[in-house]
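Only one structure is covered here, and it is reproduced in the block below.
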Amino acid sequence: MPLSAELTQFLASVHPYDSLPEEELAALSARCTTAEVPAGHRIFALGDEISSLYVVIAGEIEIRDEADVQLSILGPRNSFGERALQRGGTAQRSATATAEATLIELPADAFFELMDKSPAAARFFHRRRPQRADKKDLTTLPVEKLMSRNPVNCTPETTIREAAKRMHEAKISSVCVTDAAGFQGIVTVRDMTGRVVAQGRDPSEPVSTIMTAAPMALGPAALGTDVLHMMVERGIGHVPIVDDGRLVGIVTQTDLTRAQTVTSADIVGRISKAPDAATMARGVAEIPQFLAQLVGGGNRHEVVTRLISDIADAATRRLLKLAEAELGPPPVPYL
């Protein structure tokens with residue numbers, strides 16, 4: 001049966017259907033059906049064949065990825081299933097009703113006709129974007145774009161105390177040692193604790209007595225993956241970048257972490273498992289980097305808004321769970 005006048009009006013209030021002329025909306029409504037879904041019902045699982053796009057009228061739908069990590073909780077006016085339809089109809093996510101739900105089902109053929117006829121719908125649902133050449137990817141990112149330039153340095157004659165002071169003031173974990181001949185070595189926090197504090201060395205000794213001389217280094221033409229592999233293989237956290245014997249920069253584990261992309265699933269997963277608010281705060285602190293990554297990748301504003309909202313919703317739900325664990329169940333239903 002086609003949708004009722006009330007549900008057709010509801011659909012007309014949801015983007016992108018709100019952009020359709022009245023006659024096209026009526027024709028689309030006539031091809032839709034509704035479904036009542038009980039709480040706990042699995043609408044589709046990973047690997048299922050999907051034949052419809054779903055729009056939530058009421059209730060809640062939980063979306064999980066292939067690792068069974070919660071990606072989002074969708075409420076009224078949200079849709080799901082479009083990604084699977086555009087990828088051949090095979091679900092790469094699972095969808096389960098976490099509360100009794102009412103759904104509009106739009107058949108796949110009607111969905112694709114809508115995409116063909118409506119530019120607004122095509123923009124809204126088409127999520128496959130061309131890869132940008134400037135996307136941060138360690139497999140293609142040159143070290144010169146990744147490294148920290150003008151690293152803090154000192155001469156071999158600088159005292160251990162002075163080197164430690166420079167590291168402390170700059171809030172860094174290493175200092176490079178250079179002289180007129182070029183790059184000579186590196187001193188890290190590990191050297192300070194293991195070779196000075198643990199051995200009772202005199203901090204007035206020259207830093208050359210504790211530095212790692214001629215450490216492993218790379219040139220500016222190396223790639224981010226070269227740094228990552230060197231760090232993993234050698235068990236180090238700092239890689240000096242040297243050009244013709246001259247120190248031009250340094251790459252640390254922090255630089256690698258900053259360059260590697262994050263996903264909404266990564267952040268949501270950490271937030272949903274956070275044992276306390278402080279741990280949650282560290283996850284939420286990644287949102288600005290993720291937002292910059294999404295915008296830099298050319299994603300549409302609808303996609304960016306939806307993903308950021310998913311993270312915010314996950315944080316809200318987790319905060320409520322933590323509050324309930326401490327204070328008990330809520331005295332009234334949540335709004």
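Residues in the structure tokens are numbered from 1 in each chain, the chains being A, B, ... in the order shown, and ligands are numbered from 1 in the order shown.
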*Enumerate as a VMD selection string all residues of stretch 1-211 of chain A assigned to strand (DSSP E) by DSSP on the backbone, naming them with the chain letters and numbers the document uses.*
chain A and resid 33 to 37 42 to 44 52 to 64 70 to 74 79 to 80 94 to 107 148 to 149 153 to 154 174 to 179 182 to 188
Filtering to C-alpha atoms, could you give me those residues as a PDB file, in the first residue's frame?
ATOM      1  CA  THR A  33       5.734   0.688   2.148  1.00  0.00           C
ATOM      2  CA  THR A  34       5.980   0.795   5.926  1.00  0.00           C
ATOM      3  CA  ALA A  35       7.279  -1.796   8.371  1.00  0.00           C
ATOM      4  CA  GLU A  36       6.825  -2.190  12.106  1.00  0.00           C
ATOM      5  CA  VAL A  37      10.025  -3.556  13.662  1.00  0.00           C
ATOM      6  CA  ARG A  42      17.928  -7.511  13.085  1.00  0.00           C
ATOM      7  CA  ILE A  43      16.887  -5.668   9.927  1.00  0.00           C
ATOM      8  CA  PHE A  44      19.934  -6.854   8.040  1.00  0.00           C
ATOM      9  CA  SER A  52      15.399  -1.287   0.002  1.00  0.00           C
ATOM     10  CA  LEU A  53      16.395   2.063   1.417  1.00  0.00           C
ATOM     11  CA  TYR A  54      15.001   2.644   4.913  1.00  0.00           C
ATOM     12  CA  VAL A  55      13.808   5.896   6.469  1.00  0.00           C
ATOM     13  CA  VAL A  56      13.177   5.947  10.213  1.00  0.00           C
ATOM     14  CA  ILE A  57       9.762   7.296  11.204  1.00  0.00           C
ATOM     15  CA  ALA A  58       9.993   6.357  14.892  1.00  0.00           C
ATOM     16  CA  GLY A  59      12.281   4.305  17.123  1.00  0.00           C
ATOM     17  CA  GLU A  60      16.036   3.702  17.097  1.00  0.00           C
ATOM     18  CA  ILE A  61      18.253   1.724  14.734  1.00  0.00           C
ATOM     19  CA  GLU A  62      21.791   0.718  15.708  1.00  0.00           C
ATOM     20  CA  ILE A  63      24.388   0.485  12.935  1.00  0.00           C
ATOM     21  CA  ARG A  64      27.489  -1.655  13.545  1.00  0.00           C
ATOM     22  CA  GLN A  70      28.804   0.628  17.034  1.00  0.00           C
ATOM     23  CA  LEU A  71      28.922   3.337  14.362  1.00  0.00           C
ATOM     24  CA  SER A  72      25.703   5.177  15.116  1.00  0.00           C
ATOM     25  CA  ILE A  73      22.216   5.144  16.556  1.00  0.00           C
ATOM     26  CA  LEU A  74      19.738   6.456  14.002  1.00  0.00           C
ATOM     27  CA  SER A  79      17.928   6.879   6.502  1.00  0.00           C
ATOM     28  CA  PHE A  80      20.124   3.820   6.081  1.00  0.00           C
ATOM     29  CA  SER A  94      24.445  -4.504  10.337  1.00  0.00           C
ATOM     30  CA  ALA A  95      21.247  -2.709  11.357  1.00  0.00           C
ATOM     31  CA  THR A  96      19.257  -3.655  14.459  1.00  0.00           C
ATOM     32  CA  ALA A  97      16.264  -2.018  16.116  1.00  0.00           C
ATOM     33  CA  THR A  98      17.295  -1.082  19.658  1.00  0.00           C
ATOM     34  CA  ALA A  99      13.765   0.179  20.302  1.00  0.00           C
ATOM     35  CA  GLU A 100      10.463  -0.581  18.609  1.00  0.00           C
ATOM     36  CA  ALA A 101      10.631   1.193  15.264  1.00  0.00           C
ATOM     37  CA  THR A 102       8.497   2.202  12.310  1.00  0.00           C
ATOM     38  CA  LEU A 103      10.270   2.400   8.965  1.00  0.00           C
ATOM     39  CA  ILE A 104       9.529   3.541   5.429  1.00  0.00           C
ATOM     40  CA  GLU A 105      10.926   1.124   2.835  1.00  0.00           C
ATOM     41  CA  LEU A 106      11.834   2.516  -0.583  1.00  0.00           C
ATOM     42  CA  PRO A 107      12.534  -0.267  -3.130  1.00  0.00           C
ATOM     43  CA  SER A 148      59.060  19.039  12.291  1.00  0.00           C
ATOM     44  CA  ARG A 149      61.415  21.632  10.850  1.00  0.00           C
ATOM     45  CA  ASN A 153      69.480  21.314  18.938  1.00  0.00           C
ATOM     46  CA  CYS A 154      72.665  21.882  20.869  1.00  0.00           C
ATOM     47  CA  SER A 174      64.572  14.754  22.212  1.00  0.00           C
ATOM     48  CA  VAL A 175      67.278  17.222  21.290  1.00  0.00           C
ATOM     49  CA  CYS A 176      69.580  16.895  18.277  1.00  0.00           C
ATOM     50  CA  VAL A 177      73.325  17.429  18.558  1.00  0.00           C
ATOM     51  CA  THR A 178      75.057  19.389  15.771  1.00  0.00           C
ATOM     52  CA  ASP A 179      78.285  21.265  15.140  1.00  0.00           C
ATOM     53  CA  GLY A 182      76.825  18.815  10.615  1.00  0.00           C
ATOM     54  CA  PHE A 183      74.559  16.381  12.428  1.00  0.00           C
ATOM     55  CA  GLN A 184      76.353  14.392  15.142  1.00  0.00           C
ATOM     56  CA  GLY A 185      73.765  12.634  17.286  1.00  0.00           C
ATOM     57  CA  ILE A 186      70.561  12.713  19.306  1.00  0.00           C
ATOM     58  CA  VAL A 187      69.633  12.655  22.994  1.00  0.00           C
ATOM     59  CA  THR A 188      66.182  11.517  24.097  1.00  0.00           C
TER      60      THR A 188
END
*Minimum-distance residue to A:Leu320, chosen among A:Ser51, A:Ile160, A:Asp276, A:Asn150 (using only C-alpha atoms)*: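 Going through A:Ser51, A:Ile160, A:Asp276, A:Asn150 one by one, the smallest distance to A:Leu320 is for A:Asp276.
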*Residue neighbourhood A:Ile287, 12 Å, only C-alpha atoms, exclusion window fewer than 3 positions, as a VMD selection string*: chain A and resid 261 to 268 271 280 to 284 290 to 294 304 to 305 307 to 312 315
*Using only C-alpha atoms, which of the listed residues (A:Ala170, A:Val152, A:Ala67, A:Ala325) sits closest to A:Leu46?*
A:Ala67
*Please give the complete set of residues from stretch 13-62 of chain A that DSSP, run on the backbone, assigns to helix (DSSP H, G or I), formatted as a ChimeraX atom specification.*
/A:17-19,22-30
Prev. selection, N, CA and C atoms, output as a short mmCIF file (atom, residue, chain, number, x, y, z; two decimals), in the first residue's frame:
data_model
loop_
_atom_site.label_atom_id
_atom_site.label_comp_id
_atom_site.auth_asym_id
_atom_site.auth_seq_id
_atom_site.Cartn_x
_atom_site.Cartn_y
_atom_site.Cartn_z
N TYR A 17 13.97 14.50 0.13
CA TYR A 17 12.63 14.38 -0.43
C TYR A 17 11.91 15.73 -0.42
N ASP A 18 12.36 16.64 0.46
CA ASP A 18 11.74 17.96 0.52
C ASP A 18 12.01 18.78 -0.73
N SER A 19 12.95 18.32 -1.56
CA SER A 19 13.28 19.06 -2.78
C SER A 19 12.46 18.59 -3.98
N GLU A 22 5.69 18.25 -5.99
CA GLU A 22 4.60 17.55 -5.32
C GLU A 22 4.20 16.27 -6.05
N GLU A 23 4.13 16.33 -7.39
CA GLU A 23 3.72 15.14 -8.13
C GLU A 23 4.77 14.03 -8.06
N GLU A 24 6.05 14.38 -8.06
CA GLU A 24 7.10 13.37 -7.96
C GLU A 24 7.12 12.75 -6.57
N LEU A 25 6.89 13.56 -5.55
CA LEU A 25 6.82 13.03 -4.19
C LEU A 25 5.65 12.06 -4.06
N ALA A 26 4.51 12.40 -4.66
CA ALA A 26 3.34 11.52 -4.60
C ALA A 26 3.64 10.20 -5.30
N ALA A 27 4.32 10.26 -6.45
CA ALA A 27 4.65 9.03 -7.17
C ALA A 27 5.63 8.18 -6.37
N LEU A 28 6.58 8.83 -5.72
CA LEU A 28 7.54 8.09 -4.89
C LEU A 28 6.83 7.47 -3.69
N SER A 29 5.95 8.22 -3.07
CA SER A 29 5.21 7.72 -1.91
C SER A 29 4.41 6.49 -2.27
N ALA A 30 3.87 6.47 -3.49
CA ALA A 30 3.05 5.33 -3.92
C ALA A 30 3.86 4.05 -4.03
#
*asked:* I'd like the neighbourhood of A:Gly88 as a PyMOL selection string, where a residue qualifies if any of its atoms comes within 12 Å (using only C-alpha atoms), though same-chain residues fewer than 2 positions away should be ignored.
replied: chain A and resi 47-52+81-86+90-92+108+112
_d(atom CA of A:Thr212, atom CA of A:Gly194) in Å_ =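 So the answer is 12.3 Å.
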*Tell me which protein, DNA and RNA residues are within 12 Å of A:Met230, counting only C-alpha atoms, leaving out same-chain ones fewer than 2 positions away, and put them as an MDAnalysis selection string.*
chainID A and resid 215:218 222:228 232:240 251:253
_Residue nearest A:Ala181 among A:Glu302, A:Glu113, A:Asp244, A:Asp202 (counting only C-alpha atoms)_ =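 Comparing A:Glu302, A:Glu113, A:Asp244, A:Asp202 against A:Ala181, the winner is A:Asp244.
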